[in-house]
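Here's the structure we're looking at; comments come further down.
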2 protein chains.
Amino acid sequence: MSQQKVVSLDTIRVACRNCTLSSLCLPMGLAPEDVERLDEIVKRTRPLHRGDFLFREGDRFRSIYVVKTGSVKTFAPSAEGGEQVLGFHLPGEIIGLDAIDKDAHNCSAKVLETSAICEIPFARLEELTSSIPSLQHQMYRLLSKEIGQDTDMVLLLGKKNAEERLAAFLLGLSQRLQKRGLSPTDFYLSMSRHEIGNYLGLAVETVSRLFTRFQDDGLMRVDRKHIELLNLPALETLVGGAGPSRRQQQQ
Amino acid sequence: MSQQKVVSLDTIRVACRNCTLSSLCLPMGLAPEDVERLDEIVKRTRPLHRGDFLFREGDRFRSIYVVKTGSVKTFAPSAEGGEQVLGFHLPGEIIGLDAIDKDAHNCSAKVLETSAICEIPFARLEELTSSIPSLQHQMYRLLSKEIGQDTDMVLLLGKKNAEERLAAFLLGLSQRLQKRGLSPTDFYLSMSRHEIGNYLGLAVETVSRLFTRFQDDGLMRVDRKHIELLNLPALETLVGGAGPSRRQQQQ
DNA sequence: AAAAGCATTTGATCCAGATCAAGCGATCGA
DNA sequence: TCGATCGCTTGATCTGGATCAAATGCTTTT
């Protein structure tokens, strides 16, 4: 009986239908019986720890992954042995969709803090989407969303200055945390200044200086990894590129 | 009889099975009978001309589009009334996939030269993909490919200098033209220097100077819109970031 | 064919952010 | 507990590419 209880707890812990992320994740908007079918193919691995890899660039593509708790960064090698951080992934976010095309991963995924991850074998998911139109649509939406996010990133890197980039980063994080029921103004960063800079196309020093500046301007409080956003509207103004902006947009 | 002949010619002109792009486009790798079914939902519009829009940012999403001949640019508004060019699209390339998520277009698509475009109503395509697994897989692949391309762009904008960016642009164009059976070393640009600069996150003046420099270095010949690439290996070296590179990659 | 209007090129100057250089605080292994 | 190492901050300097400024060359209009 005690064993029964353990199994039951385990089931409660893992099942999609009981997961607080179901409104953000793959099952979003699915009928309960379809969630059930999806649930059957999801593999739950034991928690991963800081530095562990979900996959590495070049690995054969087999599964997509969803962050359940914790956070993950993805990055691709750039010329000269450097790397480009491609994203920081929070609970409910899907990783690995870019690998479908070449049937191999183009980037690596590394866990930033102790994290629980759901693994979804893609071949089985694909079978499932053939028979569940709403799940197929959800997959199209998720893939499309990823394209939209990449587009936002291109816009950020192509047109925004350092200040606007960091403001956009902080605000984006804030909004994503809020969607997950966490505080949009008080949180801890799981990535280093170095990784933030790499992600935003900035040097570490620039990121550090901007944190200091934003703090001096009363926009936020920074203590090591602990961030408090004190003035979201002002940050939004910065991102918009309004304010006493300097650079003229081209074309 | 002459009417019969016209219809017949028209069919030959448009049907996917007779289209020289079928190996690059949606029908890639499909069974002939499935191409037939796909063919039924494709709408062929009359040729569009320079400056015409396929769709505008904010438009309700109804269809995806495939360039049949000619070329198209996509762009999104950036802050301050400027715009970010997101891509230049050649025959066989699909436009509009980023709109599935929000059910509205996030960018505008404008024809750069007289072009023939195939329109594919997405709702009908989605029905079709439910019953044709290989077409569903193809859709996943195409969406994933788009993510990969955006990632390449992020890497370009985040880590490459002006020289590397332009070399990557020229080489990318060269390779895409070659896949379409055109010369990889001799072609005409359908976009302006301004648009190239905008796309690459560079000022027009920088693009112009680089064209001059590349020409002086014997890498290419430039005459207005006419480009001849004289030394592809050297361009590849430039892109790799090797050579007597200056900037150290961060992290 | 003249005029207007762009697109492109070229030169001069400027500046945001990179790079170089310390110094400092926090975490960690022995 | 003590170095050692790493991540972060701060200051000084440098530079790639933006911006400003013109001249020139195509294209299109009338």
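Naming scheme: A, B, ... for chains in displayed order of the structure tokens; residues 1 onward per chain; ligands 1 onward as shown.
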
*asked:* Quick check: residues of chain A within 8 Å of chain D, only C-alpha atoms (C1' of nucleotides), returned as a list in words.
replied: Ser192, Arg193, Glu205, Ser208 and Arg209 of chain A

Just to be explicit: take each residue in the selection above, keep C-alpha atoms, and write the result as a compact mmCIF listing (two decimals), in the first residue's frame.
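selection.txt, written as the output of this step:
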```txt
# COMPACT_ATOMS: atom_id res chain seq x y z
CA SER A 192 25.72 34.99 -15.82
CA ARG A 193 26.35 38.54 -17.05
CA GLU A 205 31.38 45.08 -19.41
CA SER A 208 27.51 45.38 -16.17
CA ARG A 209 27.64 49.11 -16.82
```

*Can you list every residue in range 96-138 of chain A that DSSP puts in strand (DSSP E or B), as a list in words?*
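Taking range 96-138 of chain A and keeping strand (DSSP E or B) only, one gets Ala104, Ser108, Ala109, Lys110, Val111, Ser115, Ala116, Ile117, Cys118, Glu119, Ile120 and Pro121 of chain A.
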
*B:Asn231, B:Ser190, B:Thr151, B:Thr237 ranked by distance to Lys73 in chain B, top pick (using only C-alpha atoms)*: B:Ser190

Per residue of chain C within 12 Å of chain A, record the nearest atom pair and its distance in Å to one decimal, counting only C-alpha atoms (C1' of nucleotides), with rows in chain order and ascending residue number, as JSON lines.
```
{"residue": "C:DC15", "atom": "C1'", "partner": "A:Arg247", "partner_atom": "CA", "distance": 10.9}
{"residue": "C:DA16", "atom": "C1'", "partner": "A:Asn161", "partner_atom": "CA", "distance": 8.4}
{"residue": "C:DG17", "atom": "C1'", "partner": "A:Thr206", "partner_atom": "CA", "distance": 7.2}
{"residue": "C:DA18", "atom": "C1'", "partner": "A:Ala203", "partner_atom": "CA", "distance": 6.9}
{"residue": "C:DT19", "atom": "C1'", "partner": "A:Ala203", "partner_atom": "CA", "distance": 9.3}
{"residue": "C:DC20", "atom": "C1'", "partner": "A:Glu205", "partner_atom": "CA", "distance": 11.5}
{"residue": "C:DG25", "atom": "C1'", "partner": "A:Arg224", "partner_atom": "CA", "distance": 10.5}
{"residue": "C:DA26", "atom": "C1'", "partner": "A:Arg224", "partner_atom": "CA", "distance": 9.8}
```

Suppose we keep N, CA and C atoms (P, O5', C5', C4', C3', O3' and C1' of nucleotides); can you now write the selection as a PDB file, in the first residue's frame?
```pdb
ATOM      1  P    DC C  15      30.127  63.039 -31.350  1.00  0.00           P
ATOM      2  O5'  DC C  15      29.699  61.569 -30.920  1.00  0.00           O
ATOM      3  C5'  DC C  15      28.827  60.811 -31.739  1.00  0.00           C
ATOM      4  C4'  DC C  15      28.936  59.357 -31.350  1.00  0.00           C
ATOM      5  C3'  DC C  15      29.159  59.129 -29.856  1.00  0.00           C
ATOM      6  O3'  DC C  15      28.407  58.011 -29.476  1.00  0.00           O
ATOM      7  C1'  DC C  15      30.812  58.028 -31.063  1.00  0.00           C
ATOM      8  P    DA C  16      27.321  58.103 -28.326  1.00  0.00           P
ATOM      9  O5'  DA C  16      26.757  56.615 -28.329  1.00  0.00           O
ATOM     10  C5'  DA C  16      26.309  56.052 -29.565  1.00  0.00           C
ATOM     11  C4'  DA C  16      26.669  54.586 -29.628  1.00  0.00           C
ATOM     12  C3'  DA C  16      26.408  53.787 -28.357  1.00  0.00           C
ATOM     13  O3'  DA C  16      25.905  52.515 -28.744  1.00  0.00           O
ATOM     14  C1'  DA C  16      28.739  53.745 -28.850  1.00  0.00           C
ATOM     15  P    DG C  17      25.460  51.443 -27.672  1.00  0.00           P
ATOM     16  O5'  DG C  17      26.747  50.512 -27.602  1.00  0.00           O
ATOM     17  C5'  DG C  17      27.230  49.950 -28.817  1.00  0.00           C
ATOM     18  C4'  DG C  17      28.628  49.404 -28.605  1.00  0.00           C
ATOM     19  C3'  DG C  17      28.812  48.477 -27.398  1.00  0.00           C
ATOM     20  O3'  DG C  17      29.632  47.424 -27.818  1.00  0.00           O
ATOM     21  C1'  DG C  17      30.445  50.117 -27.361  1.00  0.00           C
ATOM     22  P    DA C  18      29.795  46.037 -27.066  1.00  0.00           P
ATOM     23  O5'  DA C  18      31.267  45.613 -27.523  1.00  0.00           O
ATOM     24  C5'  DA C  18      31.590  45.687 -28.905  1.00  0.00           C
ATOM     25  C4'  DA C  18      33.098  45.755 -29.074  1.00  0.00           C
ATOM     26  C3'  DA C  18      33.869  44.715 -28.265  1.00  0.00           C
ATOM     27  O3'  DA C  18      34.890  44.153 -29.087  1.00  0.00           O
ATOM     28  C1'  DA C  18      34.555  46.916 -27.632  1.00  0.00           C
ATOM     29  P    DT C  19      35.715  42.936 -28.557  1.00  0.00           P
ATOM     30  O5'  DT C  19      36.987  43.659 -27.929  1.00  0.00           O
ATOM     31  C5'  DT C  19      37.744  44.551 -28.723  1.00  0.00           C
ATOM     32  C4'  DT C  19      38.843  45.172 -27.876  1.00  0.00           C
ATOM     33  C3'  DT C  19      39.587  44.163 -26.977  1.00  0.00           C
ATOM     34  O3'  DT C  19      40.982  44.379 -27.173  1.00  0.00           O
ATOM     35  C1'  DT C  19      38.860  46.042 -25.733  1.00  0.00           C
ATOM     36  P    DC C  20      42.040  43.370 -26.503  1.00  0.00           P
ATOM     37  O5'  DC C  20      42.645  44.292 -25.341  1.00  0.00           O
ATOM     38  C5'  DC C  20      43.100  45.605 -25.654  1.00  0.00           C
ATOM     39  C4'  DC C  20      43.505  46.334 -24.391  1.00  0.00           C
ATOM     40  C3'  DC C  20      44.270  45.471 -23.378  1.00  0.00           C
ATOM     41  O3'  DC C  20      45.332  46.255 -22.844  1.00  0.00           O
ATOM     42  C1'  DC C  20      42.421  46.460 -22.329  1.00  0.00           C
ATOM     43  P    DG C  25      35.543  44.506  -1.765  1.00  0.00           P
ATOM     44  O5'  DG C  25      34.391  43.417  -1.869  1.00  0.00           O
ATOM     45  C5'  DG C  25      33.321  43.620  -2.801  1.00  0.00           C
ATOM     46  C4'  DG C  25      32.754  42.272  -3.182  1.00  0.00           C
ATOM     47  C3'  DG C  25      32.543  41.330  -1.997  1.00  0.00           C
ATOM     48  O3'  DG C  25      31.263  40.725  -2.143  1.00  0.00           O
ATOM     49  C1'  DG C  25      33.894  40.279  -3.632  1.00  0.00           C
ATOM     50  P    DA C  26      30.659  39.858  -1.005  1.00  0.00           P
ATOM     51  O5'  DA C  26      30.532  38.458  -1.760  1.00  0.00           O
ATOM     52  C5'  DA C  26      29.937  38.428  -3.062  1.00  0.00           C
ATOM     53  C4'  DA C  26      30.084  37.032  -3.644  1.00  0.00           C
ATOM     54  C3'  DA C  26      29.791  35.917  -2.642  1.00  0.00           C
ATOM     55  O3'  DA C  26      29.007  34.923  -3.289  1.00  0.00           O
ATOM     56  C1'  DA C  26      31.968  35.650  -3.527  1.00  0.00           C
TER      57       DA C  26
END
```

*Polymer residues at most 12 Å from range 36-48 of chain A, only C-alpha atoms (C1' of nucleotides), same-chain spacing of 5 or more positions, as a ChimeraX atom specification*: /A:10-19,22,25-28,30-31,53-54,63-72,109-129,131-132,134-136

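Of the listed residues A:Gly87, A:Pro77, A:Gly181, A:Gly148, the one whose atoms come nearest to chain B is A:Gly148, with distances taken using only C-alpha atoms.
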
*asked:* What's the separation between CA of Arg62 in chain B and CA of Tyr140 in chain B, in Å to one decimal place?
replied: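 These atoms are spaced 18.4 Å apart.
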
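Going from CA of Leu86 in chain B over to CA of Thr20 in chain B, you cover 26.0 Å.
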
*Can you work out the spacing between CA of Asp98 in chain B and CA of Arg141 in chain A in Å, to one decimal?*
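Computing it gives 8.8 Å between the two atoms.
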
Using only C-alpha atoms, find each residue of chain B with at least one atom at most 8 Å away from an atom of chain A; report its shortest atom-to-atom pair and that distance in Å (one decimal), sort the rows by chain and rising residue number, and return the result as a tab-separated table.
```
residue	atom	partner	partner_atom	distance
B:Ser78	CA	A:Leu155	CA	7.1
B:Ala79	CA	A:Gly240	CA	5.8
B:Glu80	CA	A:Gln249	CA	6.7
B:Gly81	CA	A:Gln249	CA	7.5
B:Gly82	CA	A:Gln249	CA	5.1
B:Glu83	CA	A:Gln251	CA	6.5
B:Gln84	CA	A:Leu155	CA	6.3
B:Leu86	CA	A:Thr151	CA	7.4
B:Leu97	CA	A:Ser144	CA	6.1
B:Asp98	CA	A:Ser144	CA	4.8
B:Ala99	CA	A:Ser144	CA	6.8
B:Ile100	CA	A:Arg141	CA	5.6
B:Asp101	CA	A:Arg141	CA	4.3
B:Lys102	CA	A:Lys145	CA	7.9
B:Asn106	CA	A:Gly148	CA	7.8
B:Glu126	CA	A:His137	CA	7.7
B:Thr129	CA	A:Ser130	CA	7.7
B:Ser130	CA	A:Ser130	CA	5.1
B:Ser131	CA	A:Ser130	CA	7.0
B:Pro133	CA	A:Ser130	CA	6.7
B:Gln136	CA	A:Ser130	CA	7.7
B:His137	CA	A:Glu126	CA	7.7
B:Tyr140	CA	A:Ile100	CA	6.9
B:Arg141	CA	A:Asp101	CA	4.4
B:Leu142	CA	A:Asp101	CA	6.8
B:Leu143	CA	A:Leu143	CA	6.2
B:Ser144	CA	A:Asp98	CA	4.8
B:Lys145	CA	A:Asp101	CA	5.3
B:Glu146	CA	A:Ile147	CA	6.8
B:Ile147	CA	A:Ile147	CA	5.3
B:Gly148	CA	A:Asp98	CA	5.6
B:Asp150	CA	A:Asp150	CA	5.8
B:Thr151	CA	A:Asp150	CA	6.9
B:Met153	CA	A:Val154	CA	6.9
B:Val154	CA	A:Val154	CA	5.7
B:Leu155	CA	A:Gln84	CA	6.3
B:Leu157	CA	A:Leu157	CA	5.9
B:Gly158	CA	A:Gly201	CA	4.6
B:Lys159	CA	A:Gly201	CA	6.8
B:His194	CA	A:Gln251	CA	7.1
B:Glu195	CA	A:Gln251	CA	7.8
B:Asn198	CA	A:Gln250	CA	6.8
B:Tyr199	CA	A:Gly158	CA	7.8
B:Leu200	CA	A:Gly158	CA	7.2
B:Gly201	CA	A:Gly158	CA	4.6
B:Ala203	CA	A:Gln250	CA	7.3
B:Gly240	CA	A:Ala79	CA	5.8
B:Gly241	CA	A:Ala79	CA	5.8
B:Ala242	CA	A:Glu80	CA	7.2
B:Gln248	CA	A:Glu80	CA	7.9
B:Gln249	CA	A:Gly82	CA	5.2
B:Gln250	CA	A:Gly82	CA	6.1
B:Gln251	CA	A:Gly82	CA	5.9
```

_Using DSSP secondary structure from the backbone, list all helix (DSSP H, G or I) positions within range 14-163 of chain B, as number ranges by chain._
B: 14, 16-18, 32-41, 79-81, 97-99, 122-131, 133-159, 162-163

How about saving the chosen residues, C-alpha atoms kept, as an mmCIF file, in the first residue's frame?
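File produced: again-v2.cif:
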```cif
data_model
loop_
_atom_site.group_PDB
_atom_site.id
_atom_site.type_symbol
_atom_site.label_atom_id
_atom_site.label_comp_id
_atom_site.auth_asym_id
_atom_site.auth_seq_id
_atom_site.Cartn_x
_atom_site.Cartn_y
_atom_site.Cartn_z
ATOM 1 C CA VAL B 14 0.948 26.100 -63.158
ATOM 2 C CA CYS B 16 3.008 21.563 -59.182
ATOM 3 C CA ARG B 17 3.973 18.340 -60.907
ATOM 4 C CA ASN B 18 5.294 20.290 -63.846
ATOM 5 C CA PRO B 32 2.588 11.917 -57.281
ATOM 6 C CA GLU B 33 -0.998 11.363 -56.123
ATOM 7 C CA ASP B 34 -0.363 13.529 -53.076
ATOM 8 C CA VAL B 35 1.149 16.269 -55.218
ATOM 9 C CA GLU B 36 -2.088 16.083 -57.155
ATOM 10 C CA ARG B 37 -4.140 16.730 -54.031
ATOM 11 C CA LEU B 38 -1.900 19.572 -52.988
ATOM 12 C CA ASP B 39 -2.195 21.003 -56.450
ATOM 13 C CA GLU B 40 -5.942 21.310 -56.052
ATOM 14 C CA ILE B 41 -5.731 23.793 -53.226
ATOM 15 C CA ALA B 79 10.677 51.358 -33.460
ATOM 16 C CA GLU B 80 10.626 54.951 -34.705
ATOM 17 C CA GLY B 81 8.936 54.226 -37.991
ATOM 18 C CA LEU B 97 4.811 30.772 -41.788
ATOM 19 C CA ASP B 98 5.473 33.158 -38.928
ATOM 20 C CA ALA B 99 1.812 34.212 -38.988
ATOM 21 C CA PHE B 122 -3.533 27.436 -44.780
ATOM 22 C CA ALA B 123 -6.749 25.939 -43.406
ATOM 23 C CA ARG B 124 -6.981 23.658 -46.409
ATOM 24 C CA LEU B 125 -3.307 22.802 -46.241
ATOM 25 C CA GLU B 126 -3.739 21.872 -42.614
ATOM 26 C CA GLU B 127 -6.569 19.496 -43.477
ATOM 27 C CA LEU B 128 -4.398 17.951 -46.122
ATOM 28 C CA THR B 129 -1.440 17.465 -43.820
ATOM 29 C CA SER B 130 -3.662 15.537 -41.404
ATOM 30 C CA SER B 131 -4.246 12.868 -44.009
ATOM 31 C CA PRO B 133 1.857 12.109 -43.149
ATOM 32 C CA SER B 134 4.685 12.877 -45.539
ATOM 33 C CA LEU B 135 3.197 16.317 -46.189
ATOM 34 C CA GLN B 136 2.827 16.888 -42.473
ATOM 35 C CA HIS B 137 6.446 15.956 -42.013
ATOM 36 C CA GLN B 138 7.409 18.275 -44.838
ATOM 37 C CA MET B 139 5.576 21.114 -43.115
ATOM 38 C CA TYR B 140 7.393 20.429 -39.870
ATOM 39 C CA ARG B 141 10.650 20.385 -41.766
ATOM 40 C CA LEU B 142 9.936 23.665 -43.491
ATOM 41 C CA LEU B 143 8.927 25.395 -40.277
ATOM 42 C CA SER B 144 12.008 24.008 -38.574
ATOM 43 C CA LYS B 145 14.197 25.124 -41.452
ATOM 44 C CA GLU B 146 12.908 28.643 -41.071
ATOM 45 C CA ILE B 147 13.886 28.566 -37.401
ATOM 46 C CA GLY B 148 17.351 27.413 -38.416
ATOM 47 C CA GLN B 149 17.692 30.262 -40.891
ATOM 48 C CA ASP B 150 16.636 32.785 -38.303
ATOM 49 C CA THR B 151 19.227 31.307 -35.969
ATOM 50 C CA ASP B 152 21.870 31.801 -38.634
ATOM 51 C CA MET B 153 20.769 35.404 -38.883
ATOM 52 C CA VAL B 154 21.034 35.873 -35.119
ATOM 53 C CA LEU B 155 24.541 34.496 -35.272
ATOM 54 C CA LEU B 156 25.387 36.820 -38.130
ATOM 55 C CA LEU B 157 24.037 39.892 -36.386
ATOM 56 C CA GLY B 158 25.357 38.929 -32.977
ATOM 57 C CA LYS B 159 28.867 37.859 -33.844
ATOM 58 C CA ALA B 162 30.527 44.086 -41.533
ATOM 59 C CA GLU B 163 32.894 42.282 -43.884
#
```
